[in-house]
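K.L.:
Okay, so here is entry35.txt, and as you'll see once you scroll down, it has compact mmCIF, C-alpha atoms.
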```txt
# COMPACT_ATOMS: atom_id res chain seq x y z
CA MET A 1 25.28 190.27 105.26
CA ALA A 2 28.87 191.41 105.47
CA ASN A 3 29.15 190.76 101.77
CA THR A 4 26.30 193.04 100.79
CA ALA A 5 27.65 195.80 103.03
CA THR A 6 31.03 195.75 101.28
CA VAL A 7 29.47 195.78 97.85
CA SER A 8 27.10 198.67 98.55
CA THR A 9 29.66 201.00 100.18
CA GLY A 10 32.24 200.40 97.46
CA ALA A 11 35.87 201.47 97.35
CA SER A 12 35.42 204.44 99.68
CA ASN A 13 35.30 202.02 102.58
CA ALA A 14 38.62 200.30 101.93
CA TRP A 15 39.75 201.06 105.49
CA ALA A 16 36.67 199.67 107.20
CA GLY A 17 38.34 196.35 107.79
CA GLY A 18 37.81 192.85 106.50
CA LYS A 19 40.09 193.41 103.50
CA LYS A 20 43.51 191.93 103.00
CA PRO A 21 45.48 194.15 100.63
CA PHE A 22 48.51 191.83 100.78
CA LYS A 23 46.37 188.69 100.46
CA ALA A 24 48.40 187.17 103.27
CA SER A 25 47.47 186.40 106.86
CA TYR A 26 48.62 188.50 109.81
CA GLY A 27 50.99 185.79 111.03
CA LYS A 28 52.70 185.39 107.68
CA LEU A 29 53.13 189.15 107.26
CA MET A 30 54.67 189.44 110.71
CA MET A 31 57.05 186.61 109.87
CA TRP A 32 58.09 188.53 106.74
CA PHE A 33 58.70 191.72 108.71
CA PHE A 34 60.66 189.85 111.35
CA LEU A 35 62.80 188.29 108.64
CA MET A 36 63.39 191.70 107.12
CA SER A 37 64.70 193.03 110.44
CA ASP A 38 66.84 189.92 110.78
CA ALA A 39 68.16 190.54 107.27
CA PHE A 40 69.30 193.99 108.43
CA THR A 41 71.16 192.44 111.36
CA PHE A 42 72.93 189.91 109.18
CA SER A 43 73.80 192.42 106.51
CA SER A 44 75.26 194.72 109.17
CA LEU A 45 77.49 191.87 110.32
CA LEU A 46 78.62 191.06 106.79
CA VAL A 47 79.17 194.70 105.85
CA VAL A 48 81.25 195.22 108.98
CA TYR A 49 83.24 192.18 107.90
CA GLY A 50 83.92 193.98 104.63
CA LEU A 51 84.84 197.21 106.42
CA ILE A 52 87.30 195.54 108.77
CA ARG A 53 88.80 193.46 106.00
CA PHE A 54 89.31 196.49 103.75
CA SER A 55 90.78 198.57 106.52
CA SER A 56 93.07 195.85 107.84
CA SER A 57 96.70 196.95 107.76
CA VAL A 58 97.95 193.35 107.65
CA PRO A 59 97.11 190.73 104.98
CA TRP A 60 93.79 189.00 105.55
CA ALA A 61 93.61 185.22 106.11
CA ASP A 62 93.09 182.97 103.10
CA PRO A 63 89.99 180.85 103.79
CA GLU A 64 91.22 178.17 101.37
CA LYS A 65 94.12 177.57 103.74
CA VAL A 66 92.13 177.87 106.95
CA PHE A 67 89.12 175.61 106.33
CA THR A 68 90.69 172.39 105.16
CA HIS A 69 89.46 169.82 107.65
CA PHE A 70 87.18 167.02 106.53
CA PRO A 71 86.08 164.37 109.02
CA ILE A 72 87.64 160.89 108.57
CA ILE A 73 89.56 162.01 105.45
CA THR A 74 91.70 164.38 107.50
CA GLU A 75 92.01 162.16 110.58
CA THR A 76 92.76 158.89 108.75
CA PHE A 77 94.43 159.87 105.49
CA HIS A 78 95.89 163.23 106.59
CA LEU A 79 94.42 164.91 103.54
CA HIS A 80 93.31 168.52 103.70
CA PRO A 81 90.80 169.29 100.96
CA PRO A 82 90.24 173.06 100.96
CA LEU A 83 86.67 174.24 101.54
CA ALA A 84 85.28 170.73 100.89
CA PHE A 85 83.62 170.44 104.28
CA VAL A 86 81.99 173.84 104.07
CA GLY A 87 80.73 172.81 100.62
CA LEU A 88 79.10 169.76 102.17
CA MET A 89 77.50 171.98 104.82
CA THR A 90 76.11 174.24 102.10
CA PHE A 91 74.69 171.23 100.30
CA ILE A 92 73.07 169.91 103.50
CA LEU A 93 71.39 173.23 104.17
CA ILE A 94 70.09 173.62 100.60
CA ALA A 95 68.77 170.04 100.70
CA SER A 96 66.98 170.68 104.00
CA SER A 97 65.47 173.81 102.45
CA VAL A 98 64.09 171.63 99.65
CA THR A 99 62.53 169.13 102.07
CA MET A 100 61.01 172.10 103.92
CA VAL A 101 59.34 173.48 100.81
CA LEU A 102 58.13 169.95 99.99
CA ALA A 103 56.54 169.83 103.46
CA VAL A 104 54.80 173.15 102.76
CA GLU A 105 53.54 171.80 99.44
CA ALA A 106 52.24 168.62 101.10
CA GLY A 107 50.50 170.86 103.64
CA HIS A 108 48.54 172.53 100.83
CA ARG A 109 47.18 169.09 99.93
CA MET A 110 46.44 168.32 103.62
CA ASP A 111 48.66 165.25 103.30
CA ARG A 112 49.65 164.80 106.94
CA LYS A 113 51.90 161.77 106.42
CA ALA A 114 53.97 163.59 103.78
CA VAL A 115 54.26 166.73 105.92
CA GLU A 116 55.54 164.59 108.82
CA LYS A 117 58.07 162.85 106.61
CA TYR A 118 59.49 166.03 105.07
CA MET A 119 59.53 167.95 108.38
CA LEU A 120 61.54 165.12 109.89
CA TRP A 121 64.06 165.24 107.03
CA THR A 122 64.33 169.01 107.47
CA ILE A 123 65.01 168.64 111.19
CA LEU A 124 67.64 166.00 110.48
CA GLY A 125 69.31 168.28 107.93
CA GLY A 126 69.35 171.13 110.44
CA LEU A 127 70.89 168.94 113.12
CA ALA A 128 73.49 167.67 110.67
CA PHE A 129 74.39 171.25 109.77
CA VAL A 130 74.78 172.37 113.39
CA SER A 131 76.93 169.31 114.12
CA CYS A 132 79.14 170.10 111.13
CA GLN A 133 79.52 173.63 112.39
CA ALA A 134 80.57 172.34 115.81
CA TYR A 135 83.28 170.27 114.10
CA GLU A 136 84.37 173.29 112.09
CA TRP A 137 84.59 175.46 115.21
CA TYR A 138 86.53 172.77 117.05
CA ASN A 139 89.17 172.59 114.32
CA PHE A 140 89.31 176.35 114.02
CA ILE A 141 89.91 176.79 117.74
CA VAL A 142 92.39 173.93 118.11
CA GLY A 143 94.27 174.89 114.97
CA GLY A 144 97.66 173.49 113.96
CA HIS A 145 96.83 173.37 110.26
CA PRO A 146 99.60 171.91 108.08
CA SER A 147 99.16 174.68 105.52
CA MET A 148 99.70 177.14 108.35
CA ARG A 149 102.78 175.21 109.45
CA GLU A 150 104.38 175.91 106.06
CA PHE A 151 103.42 179.46 106.70
CA TRP A 152 105.22 179.42 110.04
CA ASP A 153 108.37 177.81 108.72
CA GLY A 154 108.45 179.92 105.61
CA GLY A 155 108.19 183.40 106.93
CA LEU A 156 106.18 185.92 108.85
CA GLU A 157 108.70 185.49 111.65
CA GLN A 158 107.83 188.81 113.14
CA TRP A 159 104.71 187.48 114.75
CA VAL A 160 104.82 183.76 114.30
CA THR A 161 107.90 183.39 116.49
CA GLY A 162 105.48 183.11 119.38
CA MET A 163 104.12 180.02 117.56
CA TYR A 164 100.64 180.68 118.65
CA GLN A 165 98.46 177.76 117.64
CA GLY A 166 94.72 177.84 117.19
CA ALA A 167 92.34 180.73 117.59
CA SER A 168 90.83 182.80 120.36
CA LEU A 169 89.22 186.20 120.50
CA THR A 170 92.55 187.97 121.02
CA VAL A 171 94.96 186.08 118.75
CA ASN A 172 94.85 183.41 116.05
CA GLU A 173 97.27 181.50 113.86
CA TYR A 174 95.57 182.36 110.57
CA CYS A 175 95.88 186.09 110.46
CA GLU A 176 97.75 188.75 112.34
CA ASN A 177 94.51 190.64 112.70
CA PRO A 178 92.52 189.15 115.63
CA ASP A 179 89.31 190.43 114.05
CA PHE A 180 89.42 187.60 111.52
CA ALA A 181 88.69 185.04 114.25
CA ASN A 182 86.30 187.42 116.01
CA LEU A 183 84.23 187.82 112.87
CA PHE A 184 84.31 184.09 112.20
CA PHE A 185 82.96 183.35 115.67
CA PHE A 186 80.40 186.11 115.53
CA ILE A 187 79.00 185.62 112.03
CA THR A 188 78.93 181.82 111.86
CA GLY A 189 77.89 181.68 115.52
CA PHE A 190 74.97 184.03 114.97
CA HIS A 191 73.92 182.02 111.94
CA GLY A 192 74.38 178.74 113.80
CA SER A 193 72.17 179.94 116.63
CA HIS A 194 69.53 180.74 114.01
CA VAL A 195 69.80 177.23 112.62
CA PHE A 196 69.53 175.80 116.11
CA SER A 197 66.41 177.80 116.98
CA GLY A 198 65.03 176.83 113.57
CA VAL A 199 65.48 173.16 114.43
CA VAL A 200 63.72 173.67 117.77
CA ILE A 201 60.80 175.53 116.15
CA ASN A 202 60.56 172.94 113.37
CA PHE A 203 60.43 170.20 115.99
CA ILE A 204 57.58 171.88 117.86
CA ILE A 205 55.62 172.25 114.61
CA TYR A 206 56.42 168.64 113.74
CA LEU A 207 54.90 167.49 117.05
CA ASN A 208 51.80 169.58 116.30
CA VAL A 209 51.53 168.01 112.85
CA ARG A 210 51.72 164.56 114.42
CA LYS A 211 49.07 165.47 116.96
CA GLY A 212 46.78 166.51 114.11
CA THR A 213 46.51 170.12 115.30
CA TYR A 214 46.52 171.51 111.76
CA ASP A 215 44.09 168.91 110.45
CA LYS A 216 41.66 170.16 113.09
CA ARG A 217 42.44 173.77 112.18
CA GLY A 218 41.75 173.01 108.52
CA HIS A 219 45.04 174.39 107.15
CA TYR A 220 48.81 173.96 107.48
CA GLU A 221 49.75 177.63 107.53
CA MET A 222 52.03 177.20 110.55
CA VAL A 223 54.22 174.93 108.43
CA GLU A 224 54.42 177.72 105.85
CA LYS A 225 55.50 180.22 108.51
CA VAL A 226 58.30 178.09 109.92
CA GLY A 227 59.16 177.30 106.30
CA LEU A 228 59.73 181.01 105.67
CA TYR A 229 62.08 181.16 108.65
CA TRP A 230 63.96 178.07 107.56
CA HIS A 231 64.46 179.31 103.99
CA PHE A 232 65.71 182.59 105.39
CA VAL A 233 68.35 180.75 107.41
CA ASP A 234 69.41 179.01 104.20
CA LEU A 235 69.47 182.35 102.38
CA VAL A 236 71.76 183.87 105.00
CA TRP A 237 74.13 180.93 104.70
CA VAL A 238 74.36 181.51 100.94
CA PHE A 239 75.66 185.01 101.68
CA VAL A 240 77.94 183.94 104.53
CA PHE A 241 79.37 181.23 102.29
CA THR A 242 80.19 183.73 99.56
CA PHE A 243 81.56 186.54 101.67
CA PHE A 244 83.35 184.55 104.32
CA TYR A 245 84.61 181.49 102.46
CA LEU A 246 84.80 182.36 98.77
CA VAL A 247 85.65 186.04 98.33
CA MET B 1 30.52 164.86 94.57
CA ALA B 2 31.65 165.08 90.96
CA GLN B 3 32.76 168.64 91.58
CA ASP B 4 34.72 167.50 94.62
CA LEU B 5 36.58 164.98 92.53
CA THR B 6 37.57 167.54 89.86
CA LEU B 7 38.70 169.93 92.61
CA ASN B 8 40.90 167.25 94.10
CA HIS B 9 42.22 166.41 90.70
CA ASP B 10 43.10 170.06 90.03
CA ALA B 11 44.84 170.37 93.39
CA GLU B 12 46.80 167.20 92.64
CA LEU B 13 47.86 168.56 89.25
CA ALA B 14 48.90 171.92 90.74
CA GLY B 15 50.83 170.03 93.42
CA ALA B 16 52.69 167.94 90.86
CA LYS B 17 53.62 171.07 88.93
CA GLN B 18 54.83 172.74 92.12
CA ARG B 19 56.95 169.75 93.08
CA ARG B 20 58.55 169.86 89.64
CA THR B 21 59.43 173.54 90.13
CA ILE B 22 60.92 172.75 93.55
CA TRP B 23 63.26 170.11 92.12
CA ILE B 24 64.26 172.37 89.22
CA VAL B 25 65.15 175.16 91.68
CA PHE B 26 67.12 172.66 93.74
CA GLY B 27 69.03 171.69 90.59
CA ILE B 28 69.79 175.34 89.83
CA LEU B 29 71.01 176.06 93.37
CA PHE B 30 73.14 172.94 93.41
CA LEU B 31 74.64 173.69 90.01
CA ILE B 32 75.49 177.30 90.88
CA THR B 33 77.19 176.20 94.10
CA ALA B 34 79.17 173.58 92.17
CA VAL B 35 80.27 176.17 89.61
CA GLU B 36 81.29 178.49 92.46
CA PHE B 37 83.63 175.78 93.68
CA VAL B 38 85.14 175.28 90.27
CA ILE B 39 85.74 179.03 89.98
CA ALA B 40 87.21 179.17 93.48
CA PHE B 41 89.95 176.76 92.41
CA THR B 42 90.53 177.78 88.80
CA VAL B 43 90.17 181.56 88.62
CA ASP B 44 92.72 183.77 90.35
CA ARG B 45 91.69 186.05 93.16
CA GLY B 46 90.64 189.50 92.10
CA ASN B 47 87.91 191.86 91.22
CA THR B 48 86.41 189.83 88.36
CA ARG B 49 86.18 186.72 90.45
CA ASN B 50 84.54 188.59 93.32
CA ILE B 51 81.97 190.12 90.99
CA ILE B 52 81.16 186.69 89.51
CA PHE B 53 80.69 185.30 93.04
CA ILE B 54 78.43 188.18 94.06
CA VAL B 55 76.27 187.88 90.94
CA MET B 56 75.92 184.11 91.46
CA THR B 57 74.99 184.68 95.10
CA LEU B 58 72.29 187.14 94.08
CA VAL B 59 70.91 184.64 91.54
CA LYS B 60 70.73 182.00 94.27
CA ALA B 61 69.06 184.50 96.61
CA PHE B 62 66.51 185.31 93.90
CA TYR B 63 65.52 181.65 93.55
CA ILE B 64 65.39 181.00 97.30
CA VAL B 65 63.28 184.08 98.05
CA GLY B 66 61.20 183.91 94.87
CA GLU B 67 60.36 180.22 94.70
CA PHE B 68 61.06 178.65 98.11
CA MET B 69 59.71 181.59 100.08
CA HIS B 70 57.08 182.07 97.39
CA LEU B 71 57.57 185.84 97.22
CA LYS B 72 57.45 185.80 93.41
CA HIS B 73 53.83 184.69 93.58
CA GLU B 74 52.68 187.20 96.20
CA VAL B 75 50.82 190.46 95.62
CA LYS B 76 53.00 193.20 94.12
CA SER B 77 52.60 195.57 97.07
CA LEU B 78 53.86 192.85 99.42
CA VAL B 79 56.84 192.15 97.16
CA TYR B 80 57.86 195.82 97.19
CA THR B 81 57.24 196.13 100.92
CA ILE B 82 59.88 193.47 101.44
CA ILE B 83 62.32 194.39 98.68
CA LEU B 84 62.47 198.20 98.81
CA PRO B 85 63.77 198.54 102.41
CA LEU B 86 66.83 196.61 101.27
CA VAL B 87 67.93 199.91 99.69
CA PHE B 88 69.15 200.74 103.19
CA VAL B 89 71.47 197.75 103.05
CA CYS B 90 72.92 198.96 99.75
CA TRP B 91 73.49 202.34 101.32
CA LEU B 92 75.18 200.73 104.33
CA ILE B 93 77.48 198.73 102.06
CA LEU B 94 78.49 201.81 100.12
CA ALA B 95 78.92 203.99 103.22
CA LEU B 96 81.01 201.52 105.22
CA LEU B 97 83.20 200.40 102.33
CA VAL B 98 83.99 203.98 101.40
CA GLU B 99 84.62 204.71 105.07
CA GLY B 100 86.85 201.63 105.35
CA SER B 101 88.85 202.76 102.36
CA TRP B 102 90.18 205.74 104.30
CA TYR B 103 92.28 203.38 106.37
CA ASN B 104 95.40 202.21 104.58
CA GLY B 105 93.88 202.80 101.16
CA GLY B 106 92.02 199.52 101.47
CA TRP B 107 89.35 200.26 98.91
CA MET B 108 91.96 201.40 96.38
CA ARG B 109 93.88 198.21 97.04
CA PHE B 110 90.71 196.24 96.35
CA LEU B 111 90.03 198.10 93.11
CA LEU B 112 93.57 197.89 91.81
CA GLY B 113 93.83 194.22 92.81
```
Reformat the file's structure so that it appears as structure tokens.

P.N.:
Amino acid sequence: MANTATVSTGASNAWAGGKKPFKASYGKLMMWFFLMSDAFTFSSLLVVYGLIRFSSSVPWADPEKVFTHFPIITETFHLHPPLAFVGLMTFILIASSVTMVLAVEAGHRMDRKAVEKYMLWTILGGLAFVSCQAYEWYNFIVGGHPSMREFWDGGLEQWVTGMYQGASLTVNEYCENPDFANLFFFITGFHGSHVFSGVVINFIIYLNVRKGTYDKRGHYEMVEKVGLYWHFVDLVWVFVFTFFYLV
Amino acid sequence: MAQDLTLNHDAELAGAKQRRTIWIVFGILFLITAVEFVIAFTVDRGNTRNIIFIVMTLVKAFYIVGEFMHLKHEVKSLVYTIILPLVFVCWLILALLVEGSWYNGGWMRFLLG
């Protein structure tokens, strides 16, 4: 009945309802719009990072000298590979993004066992990433980097004479400008909280998958929606990695 | 019944193709990140290096949004609805970097290396 009505009234009734111009469900569209607003927030943070860095009257910190801790290697062998740990974190997040998209693909085939398996891997990847970030924060706050020690002995007496070690919101050992540490805490913290909420949401969806909720519903679209969120978190990290650690 | 079987078969084929794409994209993302590391330790700091990094980041973003988030395969109007508002971000970048340059000639310092 509804079919015949649409056919007979033609294009003039495009606004009468029942049509999906974007060929996507309401929930998925809203997830896209939410992610867009979130993208604005993150880009504001990163652009402000650029602004403060450009306008800084003192030299900016060199991330290759700041982020040199790697678990076990640093503690046991006293080696300080620059940026290696953050590279591992990037790899973990990309890998968890892959397992997420594999879960979405398995959902299209209604393969519950495969969705469960890949969701679990994604959750594990997310947890691993957040744990790595906790380690990174710990080392950043405690400080006392050997590369910085050379820095202290070598020069910059004018401010290093205080021998401040570590980092807080008001002063840090890496850069005379306290905003360097502020931006580190704010940007990676905001991203980390996104990862954490992503893990929580993924876990809830995982429980639903196990319960068979989506088998009963007839489709796994919820997995697609959380997948969108999870890929977005990965996307943001790609930008944070470039602008905070590489450039 | 026979139709059901062919349908399943088609879905299975499409799934296999999709999984292949996923692993290829993973390879690309992994490779780009690896190259970024090599550049970080071999090329000197400066404008060229920054531009290379930014281009590589945008390529990675294209693959993540296009393939993983499936935006490449959505309806055109949806694609533009998501992409076009990002013009505001470009404007913000330009505005704040120009603004930032008024302090201590930061932007000039960046341009001149």

K.L.:
Check the smallest atom-to-atom distance from each of A:Leu88, A:Ala61, A:Leu207, A:Ala114 to A:Val247 using all atoms listed in the file, then report the winner.

P.N.:
A:Ala61

K.L.:
What is the distance, in Å and to one decimal place, between atom CA of B:Ile22 and atom CA of A:Val98?

P.N.:
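Between atom CA of B:Ile22 and atom CA of A:Val98 the gap is 7.0 Å.
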
K.L.:
Excluding same-chain residues fewer than 4 positions from B:Val65, what lies within 9 Å of it counting all atoms listed in the file, as a list of chain:residue names?

P.N.:
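Surrounding residues, per the criterion: A:Leu228, A:His231, A:Phe232, A:Leu235, B:Lys60, B:Ala61, B:Met69, B:His70, B:Leu71, B:Lys72.
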
K.L.:
Would you save the residues of that selection, restricted to C-alpha atoms, as a PDB file, keeping the file's coordinate frame?

P.N.:
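Result went into selection-v1.pdb, see below:
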```pdb
ATOM      1  CA  LEU A 228      59.730 181.010 105.670  1.00  0.00           C
ATOM      2  CA  HIS A 231      64.460 179.310 103.990  1.00  0.00           C
ATOM      3  CA  PHE A 232      65.710 182.590 105.390  1.00  0.00           C
ATOM      4  CA  LEU A 235      69.470 182.350 102.380  1.00  0.00           C
TER       5      LEU A 235
ATOM      6  CA  LYS B  60      70.730 182.000  94.270  1.00  0.00           C
ATOM      7  CA  ALA B  61      69.060 184.500  96.610  1.00  0.00           C
ATOM      8  CA  MET B  69      59.710 181.590 100.080  1.00  0.00           C
ATOM      9  CA  HIS B  70      57.080 182.070  97.390  1.00  0.00           C
ATOM     10  CA  LEU B  71      57.570 185.840  97.220  1.00  0.00           C
ATOM     11  CA  LYS B  72      57.450 185.800  93.410  1.00  0.00           C
TER      12      LYS B  72
END
```

K.L.:
Do you have the atom CA of A:His219-atom CA of A:Val195 distance handy?

P.N.:
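Straight-line distance from atom CA of A:His219 to atom CA of A:Val195 works out to 25.5 Å.
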
K.L.:
For a test of reading the model, state the distance in Å between atom CA of B:Trp23 and atom CA of A:Ser37, rounded to one decimal.

P.N.:
29.4 Å

K.L.:
Write out as a list of chain:residue names every residue belonging to chain B that has an atom at most 6 Å from any atom of chain A, counting all atoms listed in the file.

P.N.:
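Residues passing the distance filter: B:Asn50, B:Met69, B:Val75, B:Leu78, B:Ile93, B:Leu96, B:Leu97, B:Gly100, B:Tyr103, B:Gly106.
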
K.L.:
Calculate, to one decimal in Å, the centre and edge lengths of the box along x, y and z of the file that holds all listed atoms of stretch 58-65 of chain B with 8 Å of margin on each side, and present them as lines of an AutoDock Vina configuration file.

P.N.:
```
center_x = 67.8
center_y = 184.1
center_z = 94.8
size_x = 25.0
size_y = 22.1
size_z = 22.5
```

K.L.:
Find the residues around A:Lys113 up to 12 Å (all atoms listed in the file counted), leave out those fewer than 2 positions away in its own chain, and share them as number ranges by chain.

P.N.:
A: 103, 106-107, 109-111, 115-120, 206, 209-212, 215

K.L.:
Closest to A:Thr188 among A:Tyr220, A:Trp237, A:Tyr174, A:Phe140, using all atoms listed in the file?

P.N.:
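Of A:Tyr220, A:Trp237, A:Tyr174, A:Phe140, the one nearest A:Thr188 is A:Trp237, counting all atoms listed in the file.
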
K.L.:
Rank B:Ala11, B:Ala16, B:Phe26, B:Val55 by their smallest atom-to-atom distance to B:Phe68, using all atoms listed in the file, and report the top residue only.

P.N.:
B:Phe26
